[in-house]
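Asks: This is the structure, below, for whatever I ask next.
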Amino acid sequence: MKVYTLADYAGMDTEPEILFWVGCAGSFDPRAQKITQSLVKILHHAGIKYAVLGNEESCTGDPARRSGNEFIFQMMALQNIEVLNMYKVNKIVTACPHCFNTLKNEYPELGGNYDVVHHTTLIQQLIDEGKISIEGGAFQGKTIAYHDSCYLGRVNNIYEAPRDILNKLDGDLKEAPRNRTKGFCCGAGGAQVFKEEENSTTDTKVNHERVGELLETKPDIIAANCPYCILMMNDGIKAKGKDEDVMVYDISELIVQANKW
Amino acid sequence: MVQQIIFLALLGLVSFLAFKSYRHIYKSIMLGKGMVISGDSGARWKNVFLVAFGQKKMFTRFIPAMLHLFIYVAFLFTQIELVEIIIDGVLGRHRFFASALGGLYTLIINSIEFLSLGALISTIIFLWRRNMLKVPRLVMPEMKGWPTLDANYILIAEIVLITAIFTMNGCDSLLQKLDPSHYPDTGHLAISSIVGNVFFAGLSESTLHFLERAGWWLHIIVVFGFLLYLPISKHLHILLAFPNVFYAKLTSRGEMSNMPEIMNEVKSMMGLGDAGEEEPPMTEELPDFGCKDIFDLSWKNILDAYTCTECGRCSSVCPASQTGKKLSPRKVMMDIRDRTTEVAAALKEKNYDKTAYDDGKSLFDYISEEELFACTTCNACVEACPVMINPLEPILELRRYKILTESAGPGDWLPMFTALENTGSVWQMPNERFDWAKPLEEAEEG
């Protein structure tokens, strides 16, 4: 499967329909790379003409901005916007809610105006349009607990698209006790994932708290929509010694598994 | 006549003191940075109607929302009676509206009585929740001392107020039969006729008259006291919730405020500067970025702080607070208010002129780095606030000061900053960004 960049397309007579924004986690983290590869497979099977930026992509700047480092945020953002505008990008899909939020809500003020969708929204559309279908069987008898990421859910009000997709799998979808607007953070946002947590009077980590709550639903699978949530969940599950019993997947990975792509 | 004079004197004094202290609150809030809040007044009024007036966000927690609703609606309705009390007090009349409104008056007073009974029950349950049940969000560390006293004072004052209303109306219902010329017919009052018969039946007419007056005066004194107490209390939310909701941010939660001065600096560094834009002279001292003290916050941030009624819904959903970290969004709002109160008190004599104000302190004497850097920016606090306070905004502005102006903050972040500057990625990696595609391409070849 050949993945084309916008630079590749520039040398062809045709233009891609959509840019797949991969993000740092999706590019470098071995676990998150699997999510990137899954989304590529989905786009491929749906017959969507997509491209990536490849080595021309940088961090959107979200963790820099939220840590308080506006200088580095502006450096990242302005550089990305220059590249995106040079290629006349209109539509972007990304599997990272943090990239999604910054591209969608923060780039316009800096001169970057794009139609940005999160991959769960796009996947739901592809299913609705009949461009991809979900084979039954893979998740029969499995319990799937869904975790709302903050930046898709509370920040951007997307609660239903991921659930609609999960409901199409033949597993049993379970809600966490705290879900939707009350969804509990995995602990990664605001650049927390890049530092140790502050001291806790109860010696509790945010991801352990969240994983504990999700495990109450006795899931076989925890489904999420954010590579950083997935890193935090995996870490929490390992700490609780449950990594043999419970798997954490991105929604795109579940589609790929169902269809054995 | 004597009562009339005393009432007028008291009304004048209270009005004067109230004007002074509410003006002080206004000036305190305006110590924040000037900023124009505009855009879609339709959406803003809709928020006022649904969220402030309609209490929409309260109902994510049904039981406290219902209890609060009783007190709130009783408070709104009682204003009708309060207007009558003021008219009666000024004109030396008794139940001015009774003869004018007839049957409608009976309906209004009966409604107020039922709502007051509901409010009384709610108030007692609230006292119990705070002091006996100790609902976790109501007994967190920042609630020790004054905040807990403040909350209890208000609840106790509420009980005194309702007792006064029922004493007044209970005695009145008996006096209407004994002295109809002075006590106009209010129609049958369901609750106070029972109160009258149970507590006051058999008392002499002069005792009843005294108790009725005592209830009337106690009612208005509690109201006046309440009016003057509000500016130093968390209870100011009953007034400020409305403007605070009106001015709440309408744009996406996900958009942090842009810093144009840094954007322009970076643009000129990258050679993207708009033509004709002058570069700042190199000798100029580096400006401060972010917020260090209340003067750097927007007036809306300070309005948020004065609107906060310390219910703690924010902290009860905060991932940091809930996992034993020092950060509590409610405390941040309380700290901003406390610091503003401190500064405003010092500036009162200087006509609130904030130029060159320096007491050697700042918000960082109230809020520590440990608190600021524990925030995951998950927006749970923003979502939870029933009066649309945004605790996240000041937290992030204070972070900006620490990182940009002081170059402080967690050392763990330095490798991330360096990696971003050098490689454009959050991790410094030996491989290339696009390497993730290799297995896909190899799979095809293989």
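By convention in this document, the chains of the structure tokens carry letters A, B, ... by their order, each chain's residues are numbered from 1, and ligands are numbered from 1 in the order they are shown.
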Residues of chain A were defined as contacting chain B if any atom lay at most 7 Å from it, counting only C-alpha atoms; please report them as a PyMOL selection string.

Replies: chain A and resi 1-3+24+27-28+33+54-55+58-59+66-69+71-72+74-76+101+105-106+150+154-155+184-185+187-190+192+194-195+197-202+204-206

Asks: Assign secondary structure with DSSP using the backbone only, and return the residues of range 375-433 of chain B in alpha helix (DSSP H) as an NGL selection string.

Replies: :B and (380-384 or 392-400 or 413-423)

Asks: Could you write out that same residue set with C-alpha atoms as a PDB file, in the first residue's frame?

Replies:
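selection.pdb, freshly written:
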ATOM      1  CA  ALA B 380     -14.475  19.584  33.043  1.00  0.00           C
ATOM      2  CA  CYS B 381     -14.534  22.638  35.349  1.00  0.00           C
ATOM      3  CA  VAL B 382     -15.731  24.874  32.525  1.00  0.00           C
ATOM      4  CA  GLU B 383     -18.475  22.401  31.671  1.00  0.00           C
ATOM      5  CA  ALA B 384     -19.544  21.958  35.291  1.00  0.00           C
ATOM      6  CA  LEU B 392      -9.248  27.281  32.955  1.00  0.00           C
ATOM      7  CA  GLU B 393      -8.524  30.647  31.356  1.00  0.00           C
ATOM      8  CA  PRO B 394      -6.720  32.228  34.330  1.00  0.00           C
ATOM      9  CA  ILE B 395      -4.852  28.952  34.988  1.00  0.00           C
ATOM     10  CA  LEU B 396      -3.461  29.015  31.454  1.00  0.00           C
ATOM     11  CA  GLU B 397      -2.658  32.744  31.608  1.00  0.00           C
ATOM     12  CA  LEU B 398      -0.726  32.207  34.841  1.00  0.00           C
ATOM     13  CA  ARG B 399       1.116  29.314  33.175  1.00  0.00           C
ATOM     14  CA  ARG B 400       2.048  31.622  30.313  1.00  0.00           C
ATOM     15  CA  TRP B 413       8.839  19.881  29.730  1.00  0.00           C
ATOM     16  CA  LEU B 414      12.254  21.087  28.591  1.00  0.00           C
ATOM     17  CA  PRO B 415      13.029  18.054  26.393  1.00  0.00           C
ATOM     18  CA  MET B 416       9.650  18.510  24.724  1.00  0.00           C
ATOM     19  CA  PHE B 417      10.312  22.207  24.073  1.00  0.00           C
ATOM     20  CA  THR B 418      13.776  21.423  22.721  1.00  0.00           C
ATOM     21  CA  ALA B 419      12.470  18.629  20.502  1.00  0.00           C
ATOM     22  CA  LEU B 420       9.777  20.916  19.112  1.00  0.00           C
ATOM     23  CA  GLU B 421      12.271  23.676  18.356  1.00  0.00           C
ATOM     24  CA  ASN B 422      14.822  21.350  16.792  1.00  0.00           C
ATOM     25  CA  THR B 423      12.712  18.744  15.029  1.00  0.00           C
TER      26      THR B 423
END

Asks: Have a look at B:Val90, B:Ile221, B:Leu189, B:Ile159 and name the one nearest to Ser122 in chain B; count only C-alpha atoms.

Replies: B:Ile159

Asks: Residues within 9 Å of Ala151 in chain B, please, as a PDB file with N, CA and C atoms, in the first residue's frame. Count only C-alpha atoms; anything in the same chain fewer than 6 positions from it doesn't count.

Replies:
ATOM      1  N   LEU B 127     -28.194  22.939  55.126  1.00  0.00           N
ATOM      2  CA  LEU B 127     -27.378  22.998  56.349  1.00  0.00           C
ATOM      3  C   LEU B 127     -26.912  21.597  56.737  1.00  0.00           C
ATOM      4  N   ARG B 130     -24.176  20.330  54.367  1.00  0.00           N
ATOM      5  CA  ARG B 130     -22.890  20.963  54.616  1.00  0.00           C
ATOM      6  C   ARG B 130     -22.237  20.504  55.919  1.00  0.00           C
ATOM      7  N   SER B 233     -19.655  38.559  50.479  1.00  0.00           N
ATOM      8  CA  SER B 233     -20.013  37.149  50.571  1.00  0.00           C
ATOM      9  C   SER B 233     -19.931  36.447  49.229  1.00  0.00           C
ATOM     10  N   LYS B 234     -19.774  35.114  49.296  1.00  0.00           N
ATOM     11  CA  LYS B 234     -19.872  34.282  48.109  1.00  0.00           C
ATOM     12  C   LYS B 234     -21.256  34.372  47.483  1.00  0.00           C
ATOM     13  N   HIS B 235     -22.211  34.915  48.282  1.00  0.00           N
ATOM     14  CA  HIS B 235     -23.590  34.914  47.820  1.00  0.00           C
ATOM     15  C   HIS B 235     -23.895  35.960  46.760  1.00  0.00           C
ATOM     16  N   THR B 309     -19.889  31.108  43.687  1.00  0.00           N
ATOM     17  CA  THR B 309     -20.547  30.908  44.971  1.00  0.00           C
ATOM     18  C   THR B 309     -19.974  29.692  45.706  1.00  0.00           C
ATOM     19  N   GLU B 310     -18.823  29.239  45.216  1.00  0.00           N
ATOM     20  CA  GLU B 310     -18.041  28.221  45.918  1.00  0.00           C
ATOM     21  C   GLU B 310     -18.788  26.902  46.079  1.00  0.00           C
TER      22      GLU B 310
END

Asks: Can you tell me which residues surround range 39-42 of chain B at a distance of at most 12 Å, considering only C-alpha atoms, apart from same-chain residues fewer than 2 positions away, and format the answer as a ChimeraX atom specification?

Replies: /B:36-37,44-49,245-251

Asks: Can you tell me how far CA of Gly12 in chain B sits from CA of Glu81 in chain B, in Å to one decimal?

Replies: 19.6 Å

Asks: Which residues are near range 4-10 of chain A? Cut-off 7 Å, only C-alpha atoms, ignore same chain within fewer than 3 positions. Put them as a list in words.

Replies: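 Final neighbour list, sorted by chain and number: Thr14, Glu15, Ala51, Val52, Leu53 and Gly54 of chain A.
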
Asks: Dump N, CA and C atoms for the selected residues as a PDB file, in the first residue's frame?

Replies:
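Here's the written file result-v1.pdb:
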ATOM      1  N   THR A  14      -3.521  15.155 -10.679  1.00  0.00           N
ATOM      2  CA  THR A  14      -4.737  15.045  -9.866  1.00  0.00           C
ATOM      3  C   THR A  14      -4.503  15.544  -8.440  1.00  0.00           C
ATOM      4  N   GLU A  15      -5.588  15.842  -7.765  1.00  0.00           N
ATOM      5  CA  GLU A  15      -5.480  16.347  -6.392  1.00  0.00           C
ATOM      6  C   GLU A  15      -6.170  15.407  -5.422  1.00  0.00           C
ATOM      7  N   ALA A  51      -3.943  12.162   1.023  1.00  0.00           N
ATOM      8  CA  ALA A  51      -2.493  12.331   1.042  1.00  0.00           C
ATOM      9  C   ALA A  51      -2.064  12.674   2.457  1.00  0.00           C
ATOM     10  N   VAL A  52      -0.778  12.523   2.715  1.00  0.00           N
ATOM     11  CA  VAL A  52      -0.223  12.959   4.003  1.00  0.00           C
ATOM     12  C   VAL A  52       0.853  14.005   3.719  1.00  0.00           C
ATOM     13  N   LEU A  53       1.328  14.648   4.782  1.00  0.00           N
ATOM     14  CA  LEU A  53       2.417  15.616   4.589  1.00  0.00           C
ATOM     15  C   LEU A  53       3.775  14.945   4.714  1.00  0.00           C
ATOM     16  N   GLY A  54       3.793  13.752   5.323  1.00  0.00           N
ATOM     17  CA  GLY A  54       5.067  13.068   5.510  1.00  0.00           C
ATOM     18  C   GLY A  54       6.011  13.888   6.358  1.00  0.00           C
TER      19      GLY A  54
END

Asks: Tell me, which residues of range 7-231 of chain A carry DSSP strand (DSSP E), written as a PDB file with C-alpha atoms, in the first residue's frame?

Replies:
ATOM      1  CA  ILE A  18      -8.435  15.038   1.840  1.00  0.00           C
ATOM      2  CA  LEU A  19      -5.236  15.488   3.807  1.00  0.00           C
ATOM      3  CA  PHE A  20      -4.631  12.967   6.574  1.00  0.00           C
ATOM      4  CA  TRP A  21      -2.937  14.852   9.415  1.00  0.00           C
ATOM      5  CA  TYR A  50      -5.981  11.019   0.477  1.00  0.00           C
ATOM      6  CA  ALA A  51      -2.493  12.331   1.042  1.00  0.00           C
ATOM      7  CA  LYS A  91     -10.072  19.333   3.937  1.00  0.00           C
ATOM      8  CA  ILE A  92      -8.182  17.603   6.750  1.00  0.00           C
ATOM      9  CA  VAL A  93      -8.842  14.413   8.704  1.00  0.00           C
ATOM     10  CA  THR A  94      -6.900  13.496  11.808  1.00  0.00           C
ATOM     11  CA  ASP A 115     -12.496  22.039   6.914  1.00  0.00           C
ATOM     12  CA  VAL A 116     -11.252  19.715   9.666  1.00  0.00           C
ATOM     13  CA  VAL A 117     -12.871  16.417  10.685  1.00  0.00           C
ATOM     14  CA  HIS A 118     -11.949  13.904  13.311  1.00  0.00           C
ATOM     15  CA  THR A 143     -17.811  -6.195  25.975  1.00  0.00           C
ATOM     16  CA  ILE A 144     -16.514  -2.856  24.728  1.00  0.00           C
ATOM     17  CA  ALA A 145     -16.235   0.118  27.109  1.00  0.00           C
ATOM     18  CA  TYR A 146     -16.005   3.521  25.466  1.00  0.00           C
ATOM     19  CA  ASP A 172     -21.793  -5.139  23.762  1.00  0.00           C
ATOM     20  CA  LEU A 173     -21.136  -1.407  24.197  1.00  0.00           C
ATOM     21  CA  LYS A 174     -20.815  -0.266  27.813  1.00  0.00           C
ATOM     22  CA  GLU A 175     -20.728   3.296  29.116  1.00  0.00           C
ATOM     23  CA  ILE A 221     -11.895  -3.999  25.074  1.00  0.00           C
ATOM     24  CA  ILE A 222     -11.572  -0.333  25.943  1.00  0.00           C
ATOM     25  CA  ALA A 223     -12.308   1.779  22.867  1.00  0.00           C
ATOM     26  CA  ALA A 224     -10.976   5.307  22.568  1.00  0.00           C
TER      27      ALA A 224
END

Asks: So which one's closest to Asn259 in chain A, A:Gly153, A:Pro97, A:Gly136, A:Gly111? Using only C-alpha atoms, please.

Replies: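 The answer is A:Gly136, which sits nearest to Asn259 in chain A.
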
Asks: For Pro147 in chain B, which of B:Gly187, B:Gly312, B:Gly34, B:Gly89 is the closest residue, counting only C-alpha atoms?

Replies: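 Using only C-alpha atoms, the shortest distance to Pro147 in chain B belongs to B:Gly312.
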
Asks: Would you list the contacts of Tyr72 in chain B as a short mmCIF file (atom, residue, chain, number, x, y, z; two decimals) with N, CA, C and O atoms, in the first residue's frame, taking every protein, DNA or RNA residue within 12 Å and counting only C-alpha atoms, but skipping same-chain residues closer than 2 positions in sequence?

Replies:
data_model
loop_
_atom_site.label_atom_id
_atom_site.label_comp_id
_atom_site.auth_asym_id
_atom_site.auth_seq_id
_atom_site.Cartn_x
_atom_site.Cartn_y
_atom_site.Cartn_z
N ALA B 52 -28.88 31.31 33.39
CA ALA B 52 -28.97 32.10 34.62
C ALA B 52 -30.40 32.05 35.15
O ALA B 52 -30.67 31.53 36.23
N PHE B 53 -31.32 32.56 34.36
CA PHE B 53 -32.71 32.60 34.81
C PHE B 53 -33.30 31.20 34.93
O PHE B 53 -33.96 30.87 35.91
N GLY B 54 -33.02 30.36 33.95
CA GLY B 54 -33.62 29.02 33.90
C GLY B 54 -32.85 27.94 34.64
O GLY B 54 -33.29 26.80 34.71
N GLN B 55 -31.64 28.27 35.16
CA GLN B 55 -30.88 27.33 36.00
C GLN B 55 -30.51 26.03 35.30
O GLN B 55 -30.31 25.01 35.96
N MET B 58 -27.68 23.80 36.45
CA MET B 58 -27.82 23.24 37.80
C MET B 58 -28.32 21.81 37.74
O MET B 58 -28.00 20.99 38.58
N PRO B 64 -29.68 18.62 44.44
CA PRO B 64 -29.35 19.99 44.84
C PRO B 64 -30.02 21.03 43.95
O PRO B 64 -30.37 22.12 44.41
N ALA B 65 -30.22 20.69 42.67
CA ALA B 65 -30.86 21.65 41.76
C ALA B 65 -32.29 21.94 42.20
O ALA B 65 -32.73 23.09 42.21
N MET B 66 -33.04 20.91 42.60
CA MET B 66 -34.42 21.11 43.06
C MET B 66 -34.45 21.93 44.34
O MET B 66 -35.26 22.84 44.49
N LEU B 67 -33.56 21.59 45.26
CA LEU B 67 -33.53 22.32 46.54
C LEU B 67 -33.20 23.79 46.29
O LEU B 67 -33.82 24.70 46.84
N HIS B 68 -32.22 24.00 45.41
CA HIS B 68 -31.81 25.37 45.08
C HIS B 68 -32.94 26.11 44.37
O HIS B 68 -33.17 27.29 44.61
N LEU B 69 -33.68 25.38 43.51
CA LEU B 69 -34.77 26.00 42.76
C LEU B 69 -35.83 26.58 43.70
O LEU B 69 -36.34 27.67 43.48
N PHE B 70 -36.16 25.83 44.76
CA PHE B 70 -37.15 26.33 45.73
C PHE B 70 -36.70 27.67 46.31
O PHE B 70 -37.47 28.62 46.37
N ALA B 74 -38.57 31.13 45.40
CA ALA B 74 -39.12 31.83 46.56
C ALA B 74 -38.52 33.23 46.65
O ALA B 74 -39.22 34.21 46.89
N PHE B 75 -37.22 33.31 46.42
CA PHE B 75 -36.54 34.61 46.46
C PHE B 75 -37.13 35.56 45.42
O PHE B 75 -37.43 36.71 45.70
N LEU B 76 -37.31 35.04 44.18
CA LEU B 76 -37.85 35.90 43.12
C LEU B 76 -39.25 36.40 43.47
O LEU B 76 -39.55 37.59 43.37
N PHE B 77 -40.12 35.47 43.93
CA PHE B 77 -41.51 35.84 44.24
C PHE B 77 -41.60 36.79 45.43
O PHE B 77 -42.45 37.67 45.46
N THR B 78 -40.72 36.57 46.41
CA THR B 78 -40.78 37.39 47.62
C THR B 78 -40.49 38.85 47.31
O THR B 78 -40.84 39.73 48.09
N GLN B 79 -39.87 39.10 46.15
CA GLN B 79 -39.60 40.49 45.79
C GLN B 79 -40.89 41.31 45.71
O GLN B 79 -40.90 42.50 46.00
N ILE B 112 -46.20 32.76 47.65
CA ILE B 112 -44.98 33.09 48.38
C ILE B 112 -44.87 32.19 49.62
O ILE B 112 -43.79 31.69 49.94
N LEU B 115 -43.87 28.65 48.55
CA LEU B 115 -42.46 28.65 48.14
C LEU B 115 -41.55 28.84 49.35
O LEU B 115 -40.48 28.22 49.44
N SER B 116 -41.98 29.68 50.30
CA SER B 116 -41.16 29.92 51.49
C SER B 116 -41.05 28.65 52.32
O SER B 116 -39.98 28.37 52.88
N GLY B 118 -41.17 25.64 51.10
CA GLY B 118 -40.22 24.82 50.33
C GLY B 118 -38.80 25.29 50.57
O GLY B 118 -37.87 24.49 50.77
N ALA B 119 -38.60 26.62 50.58
CA ALA B 119 -37.27 27.18 50.78
C ALA B 119 -36.76 26.85 52.18
O ALA B 119 -35.58 26.57 52.37
N LEU B 120 -37.68 26.88 53.16
CA LEU B 120 -37.28 26.57 54.54
C LEU B 120 -36.78 25.13 54.63
O LEU B 120 -35.71 24.86 55.20
N SER B 122 -35.67 23.29 52.15
CA SER B 122 -34.42 23.21 51.39
C SER B 122 -33.24 23.73 52.19
O SER B 122 -32.15 23.15 52.19
N THR B 123 -33.47 24.85 52.88
CA THR B 123 -32.39 25.47 53.65
C THR B 123 -31.90 24.53 54.75
O THR B 123 -30.70 24.38 54.97
N GLU B 158 -31.50 32.96 56.06
CA GLU B 158 -32.67 32.52 55.29
C GLU B 158 -33.75 31.98 56.22
O GLU B 158 -34.93 32.29 56.07
N HIS B 237 -23.42 35.81 43.94
CA HIS B 237 -23.84 35.17 42.68
C HIS B 237 -25.29 35.45 42.34
O HIS B 237 -25.66 35.40 41.18
N ILE B 238 -26.11 35.76 43.33
CA ILE B 238 -27.52 35.97 43.00
C ILE B 238 -27.68 37.19 42.09
O ILE B 238 -28.65 37.29 41.36
N LEU B 239 -26.73 38.10 42.15
CA LEU B 239 -26.78 39.26 41.25
C LEU B 239 -25.87 39.07 40.04
O LEU B 239 -26.25 39.32 38.91
#
